[in-house]
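Printed here is structure-v1.cif (mmCIF, C-alpha atoms):
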data_coords
loop_
_atom_site.group_PDB
_atom_site.id
_atom_site.type_symbol
_atom_site.label_atom_id
_atom_site.label_comp_id
_atom_site.auth_asym_id
_atom_site.auth_seq_id
_atom_site.Cartn_x
_atom_site.Cartn_y
_atom_site.Cartn_z
ATOM 1 C CA MET A 1 44.616 -8.678 29.675
ATOM 2 C CA SER A 2 41.762 -6.185 29.618
ATOM 3 C CA SER A 3 38.310 -7.680 29.307
ATOM 4 C CA LYS A 4 37.781 -5.247 26.453
ATOM 5 C CA LEU A 5 40.053 -7.437 24.364
ATOM 6 C CA LEU A 6 37.493 -10.210 24.646
ATOM 7 C CA ARG A 7 34.498 -8.180 23.470
ATOM 8 C CA LEU A 8 33.764 -8.319 19.792
ATOM 9 C CA ALA A 9 32.647 -5.839 17.158
ATOM 10 C CA VAL A 10 29.036 -6.857 16.457
ATOM 11 C CA VAL A 11 28.049 -4.064 14.071
ATOM 12 C CA ALA A 12 29.031 -6.200 11.085
ATOM 13 C CA MET A 13 26.924 -9.041 12.482
ATOM 14 C CA LEU A 14 23.851 -6.830 12.650
ATOM 15 C CA ALA A 15 24.338 -5.892 8.997
ATOM 16 C CA SER A 16 24.605 -9.511 7.910
ATOM 17 C CA VAL A 17 22.229 -11.241 10.320
ATOM 18 C CA PHE A 18 19.307 -11.116 7.892
ATOM 19 C CA THR A 19 21.110 -13.411 5.480
ATOM 20 C CA ALA A 20 20.285 -16.240 7.861
ATOM 21 C CA GLY A 21 16.593 -16.076 6.961
ATOM 22 C CA THR A 22 14.560 -18.760 8.680
ATOM 23 C CA SER A 23 16.896 -21.617 7.821
ATOM 24 C CA ALA A 24 18.811 -23.743 10.295
ATOM 25 C CA GLY A 25 21.939 -21.722 9.551
ATOM 26 C CA PHE A 26 23.331 -19.500 12.298
ATOM 27 C CA ALA A 27 23.345 -15.723 12.233
ATOM 28 C CA LYS A 28 27.045 -15.371 11.569
ATOM 29 C CA PRO A 29 30.246 -17.426 11.176
ATOM 30 C CA LEU A 30 32.736 -17.492 14.023
ATOM 31 C CA ARG A 31 33.361 -14.224 15.738
ATOM 32 C CA ASN A 32 36.230 -12.083 14.604
ATOM 33 C CA ALA A 33 39.506 -11.611 16.429
ATOM 34 C CA ALA A 34 39.519 -9.916 19.793
ATOM 35 C CA GLN A 35 39.824 -6.207 19.251
ATOM 36 C CA ASN A 36 41.631 -3.634 21.316
ATOM 37 C CA LEU A 37 38.925 -0.983 21.400
ATOM 38 C CA GLU A 38 41.369 1.680 22.540
ATOM 39 C CA SER A 39 43.994 1.302 19.829
ATOM 40 C CA GLY A 40 41.880 -0.331 17.110
ATOM 41 C CA ASP A 41 44.577 -3.014 16.706
ATOM 42 C CA GLN A 42 43.045 -6.371 15.766
ATOM 43 C CA ASP A 43 46.316 -8.277 15.773
ATOM 44 C CA ILE A 44 47.873 -10.121 18.667
ATOM 45 C CA ASN A 45 51.426 -11.168 19.418
ATOM 46 C CA PHE A 46 51.110 -14.822 18.392
ATOM 47 C CA LYS A 47 54.171 -16.159 20.225
ATOM 48 C CA SER A 48 53.387 -14.283 23.421
ATOM 49 C CA THR A 49 49.747 -15.283 23.308
ATOM 50 C CA ARG A 50 50.623 -18.926 22.719
ATOM 51 C CA ARG A 51 53.006 -18.913 25.668
ATOM 52 C CA LYS A 52 50.353 -17.448 27.969
ATOM 53 C CA ALA A 53 47.762 -19.889 26.635
ATOM 54 C CA GLN A 54 50.032 -22.836 27.377
ATOM 55 C CA GLN A 55 50.411 -21.479 30.912
ATOM 56 C CA GLY A 56 46.628 -21.658 31.339
ATOM 57 C CA ASN A 57 45.548 -18.059 30.751
ATOM 58 C CA SER A 58 41.950 -18.327 29.517
ATOM 59 C CA SER A 59 41.963 -14.970 27.721
ATOM 60 C CA ALA A 60 45.095 -15.977 25.832
ATOM 61 C CA GLN A 61 43.571 -19.384 25.034
ATOM 62 C CA TYR A 62 40.540 -17.670 23.521
ATOM 63 C CA ASN A 63 42.659 -15.226 21.523
ATOM 64 C CA LEU A 64 44.887 -18.067 20.304
ATOM 65 C CA GLY A 65 41.780 -19.888 19.113
ATOM 66 C CA VAL A 66 40.760 -16.785 17.204
ATOM 67 C CA ALA A 67 44.246 -16.510 15.693
ATOM 68 C CA TYR A 68 44.215 -20.121 14.475
ATOM 69 C CA HIS A 69 40.741 -19.701 13.051
ATOM 70 C CA ARG A 70 41.801 -16.594 11.140
ATOM 71 C CA GLY A 71 45.122 -18.044 10.028
ATOM 72 C CA GLN A 72 47.069 -15.433 11.947
ATOM 73 C CA GLY A 73 50.573 -16.418 12.918
ATOM 74 C CA GLY A 74 51.322 -18.597 9.925
ATOM 75 C CA ARG A 75 48.547 -21.094 9.261
ATOM 76 C CA GLN A 76 44.810 -21.514 9.525
ATOM 77 C CA ASP A 77 43.993 -24.544 11.641
ATOM 78 C CA PHE A 78 40.383 -25.130 12.692
ATOM 79 C CA ARG A 79 41.331 -28.132 14.816
ATOM 80 C CA GLU A 80 43.748 -26.048 16.865
ATOM 81 C CA ALA A 81 41.179 -23.251 17.055
ATOM 82 C CA ALA A 82 38.582 -25.626 18.496
ATOM 83 C CA LYS A 83 41.137 -27.035 20.943
ATOM 84 C CA TRP A 84 41.945 -23.621 22.427
ATOM 85 C CA PHE A 85 38.327 -22.465 22.405
ATOM 86 C CA ARG A 86 37.422 -25.580 24.384
ATOM 87 C CA LEU A 87 40.073 -24.922 27.015
ATOM 88 C CA ALA A 88 38.856 -21.365 27.465
ATOM 89 C CA ALA A 89 35.200 -22.421 27.328
ATOM 90 C CA GLU A 90 35.698 -24.929 30.121
ATOM 91 C CA LYS A 91 36.984 -22.076 32.278
ATOM 92 C CA GLY A 92 33.759 -20.167 31.743
ATOM 93 C CA LEU A 93 34.737 -17.694 29.032
ATOM 94 C CA VAL A 94 31.448 -16.838 27.321
ATOM 95 C CA ASP A 95 32.932 -15.906 23.928
ATOM 96 C CA ALA A 96 34.851 -19.179 23.817
ATOM 97 C CA GLN A 97 31.713 -21.123 24.714
ATOM 98 C CA TYR A 98 29.876 -19.413 21.872
ATOM 99 C CA ASN A 99 32.620 -20.133 19.321
ATOM 100 C CA LEU A 100 33.088 -23.737 20.424
ATOM 101 C CA GLY A 101 29.361 -24.383 20.230
ATOM 102 C CA LEU A 102 29.219 -22.932 16.738
ATOM 103 C CA MET A 103 32.200 -24.990 15.548
ATOM 104 C CA LEU A 104 30.540 -28.137 16.923
ATOM 105 C CA ALA A 105 27.294 -27.274 15.184
ATOM 106 C CA LEU A 106 29.097 -26.653 11.884
ATOM 107 C CA GLY A 107 31.535 -29.560 12.191
ATOM 108 C CA GLN A 108 34.423 -27.163 11.763
ATOM 109 C CA GLY A 109 37.688 -28.581 13.097
ATOM 110 C CA VAL A 110 35.753 -31.111 15.158
ATOM 111 C CA ARG A 111 33.236 -33.876 14.588
ATOM 112 C CA GLN A 112 29.851 -32.284 14.009
ATOM 113 C CA ASP A 113 27.867 -32.716 17.196
ATOM 114 C CA ALA A 114 24.703 -30.666 17.618
ATOM 115 C CA THR A 115 24.018 -32.270 21.008
ATOM 116 C CA GLU A 116 27.283 -31.030 22.472
ATOM 117 C CA ALA A 117 26.765 -27.710 20.700
ATOM 118 C CA ALA A 118 23.515 -27.314 22.601
ATOM 119 C CA LYS A 119 25.399 -28.065 25.817
ATOM 120 C CA TRP A 120 27.184 -24.792 25.434
ATOM 121 C CA LYS A 121 23.983 -22.928 26.148
ATOM 122 C CA LEU A 122 26.015 -21.764 29.139
ATOM 123 C CA ALA A 123 26.771 -18.690 27.059
ATOM 124 C CA ALA A 124 23.074 -18.189 26.452
ATOM 125 C CA ASN A 125 22.259 -18.614 30.138
ATOM 126 C CA ARG A 126 24.829 -15.957 30.949
ATOM 127 C CA GLY A 127 23.191 -13.437 28.668
ATOM 128 C CA ASP A 128 25.040 -13.646 25.339
ATOM 129 C CA ALA A 129 22.443 -12.526 22.791
ATOM 130 C CA LEU A 130 23.893 -14.373 19.776
ATOM 131 C CA ALA A 131 24.255 -17.563 21.791
ATOM 132 C CA GLN A 132 20.613 -17.223 22.811
ATOM 133 C CA TYR A 133 19.567 -16.767 19.177
ATOM 134 C CA ASN A 134 21.594 -19.759 18.035
ATOM 135 C CA LEU A 135 20.221 -21.925 20.836
ATOM 136 C CA ALA A 136 16.682 -20.894 19.853
ATOM 137 C CA LEU A 137 17.383 -22.082 16.299
ATOM 138 C CA ILE A 138 18.640 -25.415 17.632
ATOM 139 C CA TYR A 139 15.403 -25.927 19.594
ATOM 140 C CA LYS A 140 13.260 -24.649 16.723
ATOM 141 C CA ASN A 141 14.731 -27.136 14.253
ATOM 142 C CA GLY A 142 15.422 -30.008 16.673
ATOM 143 C CA HIS A 143 19.113 -30.283 15.794
ATOM 144 C CA GLY A 144 20.702 -32.560 18.399
ATOM 145 C CA VAL A 145 17.962 -31.873 20.925
ATOM 146 C CA GLU A 146 14.271 -32.610 21.143
ATOM 147 C CA GLN A 147 12.405 -30.031 19.083
ATOM 148 C CA SER A 148 10.665 -27.581 21.394
ATOM 149 C CA SER A 149 8.681 -24.569 20.231
ATOM 150 C CA GLN A 150 8.379 -23.437 23.837
ATOM 151 C CA SER A 151 12.140 -23.421 24.385
ATOM 152 C CA ALA A 152 12.697 -21.770 21.019
ATOM 153 C CA ALA A 153 10.246 -19.015 21.927
ATOM 154 C CA LYS A 154 11.979 -18.484 25.280
ATOM 155 C CA TRP A 155 15.423 -18.009 23.755
ATOM 156 C CA PHE A 156 14.207 -15.980 20.784
ATOM 157 C CA ARG A 157 12.608 -13.557 23.262
ATOM 158 C CA SER A 158 15.815 -13.288 25.279
ATOM 159 C CA ALA A 159 17.795 -12.460 22.134
ATOM 160 C CA ALA A 160 15.072 -10.170 20.780
ATOM 161 C CA ASP A 161 15.013 -8.195 24.017
ATOM 162 C CA GLN A 162 18.732 -7.552 23.474
ATOM 163 C CA GLY A 163 18.082 -6.129 20.026
ATOM 164 C CA ILE A 164 18.976 -9.020 17.695
ATOM 165 C CA PRO A 165 16.825 -8.214 14.625
ATOM 166 C CA GLN A 166 16.504 -11.770 13.329
ATOM 167 C CA ALA A 167 15.335 -12.904 16.763
ATOM 168 C CA GLN A 168 12.741 -10.126 16.745
ATOM 169 C CA TYR A 169 11.486 -11.426 13.395
ATOM 170 C CA GLU A 170 11.374 -15.031 14.579
ATOM 171 C CA LEU A 171 9.502 -13.990 17.715
ATOM 172 C CA GLY A 172 7.001 -12.076 15.595
ATOM 173 C CA VAL A 173 6.357 -15.197 13.521
ATOM 174 C CA ILE A 174 5.962 -17.281 16.675
ATOM 175 C CA TYR A 175 3.261 -14.961 18.032
ATOM 176 C CA PHE A 176 1.649 -14.609 14.602
ATOM 177 C CA ASP A 177 1.329 -18.396 14.208
ATOM 178 C CA GLY A 178 0.965 -19.308 17.898
ATOM 179 C CA LEU A 179 3.992 -21.621 17.947
ATOM 180 C CA GLY A 180 4.944 -22.567 21.492
ATOM 181 C CA VAL A 181 3.019 -19.566 22.840
ATOM 182 C CA ASP A 182 -0.557 -18.374 22.843
ATOM 183 C CA GLN A 183 -1.320 -16.670 19.545
ATOM 184 C CA ASP A 184 -1.020 -12.945 20.139
ATOM 185 C CA PHE A 185 -1.376 -10.605 17.161
ATOM 186 C CA LYS A 186 -0.587 -7.536 19.253
ATOM 187 C CA GLU A 187 2.801 -8.982 20.242
ATOM 188 C CA ALA A 188 3.335 -10.162 16.682
ATOM 189 C CA ALA A 189 2.729 -6.656 15.347
ATOM 190 C CA LYS A 190 5.059 -5.196 17.973
ATOM 191 C CA CYS A 191 7.915 -7.453 16.866
ATOM 192 C CA LEU A 192 7.246 -7.228 13.136
ATOM 193 C CA ARG A 193 7.150 -3.436 13.219
ATOM 194 C CA LEU A 194 10.743 -3.516 14.478
ATOM 195 C CA VAL A 195 12.073 -5.482 11.523
ATOM 196 C CA ALA A 196 9.752 -4.863 8.565
ATOM 197 C CA PRO A 197 11.459 -1.492 7.877
ATOM 198 C CA LYS A 198 14.769 -3.355 7.622
ATOM 199 C CA GLY A 199 13.599 -5.172 4.502
ATOM 200 C CA ILE A 200 12.556 -8.657 5.650
ATOM 201 C CA ALA A 201 9.938 -9.536 3.058
ATOM 202 C CA ASP A 202 7.984 -12.024 5.164
ATOM 203 C CA ALA A 203 7.807 -9.543 8.043
ATOM 204 C CA GLN A 204 6.435 -6.943 5.635
ATOM 205 C CA TYR A 205 3.854 -9.401 4.332
ATOM 206 C CA ARG A 206 2.695 -10.460 7.795
ATOM 207 C CA LEU A 207 2.517 -6.862 9.012
ATOM 208 C CA GLY A 208 0.481 -5.956 5.949
ATOM 209 C CA ILE A 209 -1.984 -8.739 6.755
ATOM 210 C CA LEU A 210 -2.333 -7.541 10.342
ATOM 211 C CA TYR A 211 -3.164 -4.007 9.187
ATOM 212 C CA LYS A 212 -5.530 -5.309 6.493
ATOM 213 C CA GLU A 213 -7.482 -7.440 8.951
ATOM 214 C CA GLY A 214 -7.117 -5.193 11.999
ATOM 215 C CA ARG A 215 -5.498 -7.890 14.118
ATOM 216 C CA GLY A 216 -3.295 -6.602 16.925
ATOM 217 C CA VAL A 217 -3.435 -3.120 15.376
ATOM 218 C CA ASP A 218 -6.120 -0.704 14.280
ATOM 219 C CA GLN A 219 -7.298 -1.629 10.801
ATOM 220 C CA ASN A 220 -5.526 0.610 8.309
ATOM 221 C CA PHE A 221 -5.759 -0.123 4.597
ATOM 222 C CA GLY A 222 -3.127 2.502 3.803
ATOM 223 C CA GLU A 223 -0.567 0.784 6.042
ATOM 224 C CA ALA A 224 -1.661 -2.591 4.721
ATOM 225 C CA GLU A 225 -1.075 -1.468 1.142
ATOM 226 C CA LYS A 226 2.311 0.009 2.063
ATOM 227 C CA TRP A 227 3.682 -3.193 3.599
ATOM 228 C CA LEU A 228 2.085 -5.571 1.116
ATOM 229 C CA ARG A 229 3.487 -3.501 -1.727
ATOM 230 C CA LEU A 230 6.994 -3.706 -0.269
ATOM 231 C CA ALA A 231 6.741 -7.468 0.204
ATOM 232 C CA ALA A 232 5.238 -7.928 -3.261
ATOM 233 C CA GLY A 233 8.133 -5.972 -4.739
ATOM 234 C CA GLN A 234 10.474 -8.585 -3.247
ATOM 235 C CA GLY A 235 8.604 -11.375 -5.010
ATOM 236 C CA VAL A 236 6.410 -12.684 -2.193
ATOM 237 C CA GLU A 237 3.555 -14.253 -4.152
ATOM 238 C CA LYS A 238 1.118 -14.200 -1.221
ATOM 239 C CA ALA A 239 1.742 -10.486 -0.838
ATOM 240 C CA GLN A 240 1.167 -9.930 -4.547
ATOM 241 C CA SER A 241 -2.147 -11.743 -4.331
ATOM 242 C CA GLU A 242 -3.252 -9.878 -1.207
ATOM 243 C CA LEU A 243 -2.176 -6.562 -2.683
ATOM 244 C CA GLY A 244 -4.123 -7.239 -5.885
ATOM 245 C CA ALA A 245 -7.264 -8.017 -3.906
ATOM 246 C CA LEU A 246 -6.796 -4.920 -1.762
ATOM 247 C CA LEU A 247 -6.306 -2.627 -4.749
ATOM 248 C CA LEU A 248 -9.346 -4.115 -6.493
ATOM 249 C CA LYS A 249 -11.445 -3.521 -3.404
ATOM 250 C CA LYS A 250 -10.119 0.019 -3.226
ATOM 251 C CA ALA A 251 -10.970 0.669 -6.882
ATOM 252 C CA LEU A 252 -14.487 -0.739 -6.552
ATOM 253 C CA SER A 253 -15.064 1.292 -3.396
ATOM 254 C CA GLY A 254 -13.975 4.411 -5.253
ATOM 255 C CA LYS A 255 -16.440 3.742 -8.063
ATOM 256 C CA VAL A 256 -19.284 3.182 -5.605
ATOM 257 C CA ASN A 257 -18.484 6.436 -3.838
ATOM 258 C CA SER A 258 -18.326 8.286 -7.161
ATOM 259 C CA ALA A 259 -21.682 6.878 -8.250
ATOM 260 C CA ALA A 260 -23.244 7.809 -4.922
ATOM 261 C CA ALA A 261 -21.918 11.371 -5.232
ATOM 262 C CA GLU A 262 -23.516 11.722 -8.651
#
Do you think you could lay out the structure here as structure tokens?
Amino acid sequence: MSSKLLRLAVVAMLASVFTAGTSAGFAKPLRNAAQNLESGDQDINFKSTRRKAQQGNSSAQYNLGVAYHRGQGGRQDFREAAKWFRLAAEKGLVDAQYNLGLMLALGQGVRQDATEAAKWKLAANRGDALAQYNLALIYKNGHGVEQSSQSAAKWFRSAADQGIPQAQYELGVIYFDGLGVDQDFKEAAKCLRLVAPKGIADAQYRLGILYKEGRGVDQNFGEAEKWLRLAAGQGVEKAQSELGALLLKKALSGKVNSAAAE
């Protein structure tokens, strides 16, 4: 079976990743069925795949897990899905490791076990961006492992460097607050500028503060007003307060300049 069948369409994930916010929830539910990128066919031959899986084919075991999770082939069965993902994961299939770890973290088809979920950081170590992001969340929140801001920062950076927007936001917050790393407003601004245009209110607020105070960027009240206004429009009370103070200062400055001109 072509390795292409094991790669997943992640465009939908990128559109939905922001729904995770900063909670302990993961970026996305289990990955979708393996997709034949040449034909666009997302279905598999269930009987044939099951036969190959029973013969030990790891690709077929992964695809069978996907089929059971989706309910393809007759019935949805999370327990069977986890069983086949585990078999493929133990043979080193990164996608299966990712899915098994997520099912363990969610308690889906298996006993919830965040410690074993963290074990499947094998996928993260082998470069899977979503696995890296999920592992960073586990370390950030201390679910099943000892809480570690340093480890969280490490894995958020790995995922951010691969273009995961939510990881870029989390990394920006880490540098902004100095959590597990030396506080670095320049790095914070770099990360926040990547995601603030995508509508994350807290990123807009933090970027507005950096421009207002000239931290990590050249001080720019116009940019500060722009980002604070966007965050305030999404109901961020701190942004509303900062924006009000900025506009008042702007109005008073205008009056002083007018009086001086007269």
Where does the PyMOL selection byres ((chain A and resi 163-165) around 8) land in this file, that is, which residues does it pick, as a ChimeraX atom specification?
/A:14,17-18,129-130,133,159-162,166-169,194-195
Contacts of region 185-189 of chain A at 6 Å or less, counting all atoms listed in the file, minus same-chain residues fewer than 5 places along, as a VMD selection string? chain A and resid 172 175 to 176 215 to 216
Expressed in Å, the length from CA of Ala67 (chain A) to CA of Thr115 (chain A) is 26.2 Å
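Counting only C-alpha atoms and comparing A:Asp182, A:Asp218, A:Asp95, A:Asp202, the residue that lies closest to Ala232 (chain A) is A:Asp202.
The two atoms in question, CA of Lys119 (chain A) and CA of Ser58 (chain A), are spaced 19.6 Å apart.
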Around region 72-75 of chain A, fit a box with edges along x, y and z, padding it by 6 Å on each side, then list its centre and edge lengths in Å to one decimal as AutoDock Vina command-line options.
--center_x 49.2 --center_y -18.3 --center_z 11.1 --size_x 16.3 --size_y 17.7 --size_z 15.7
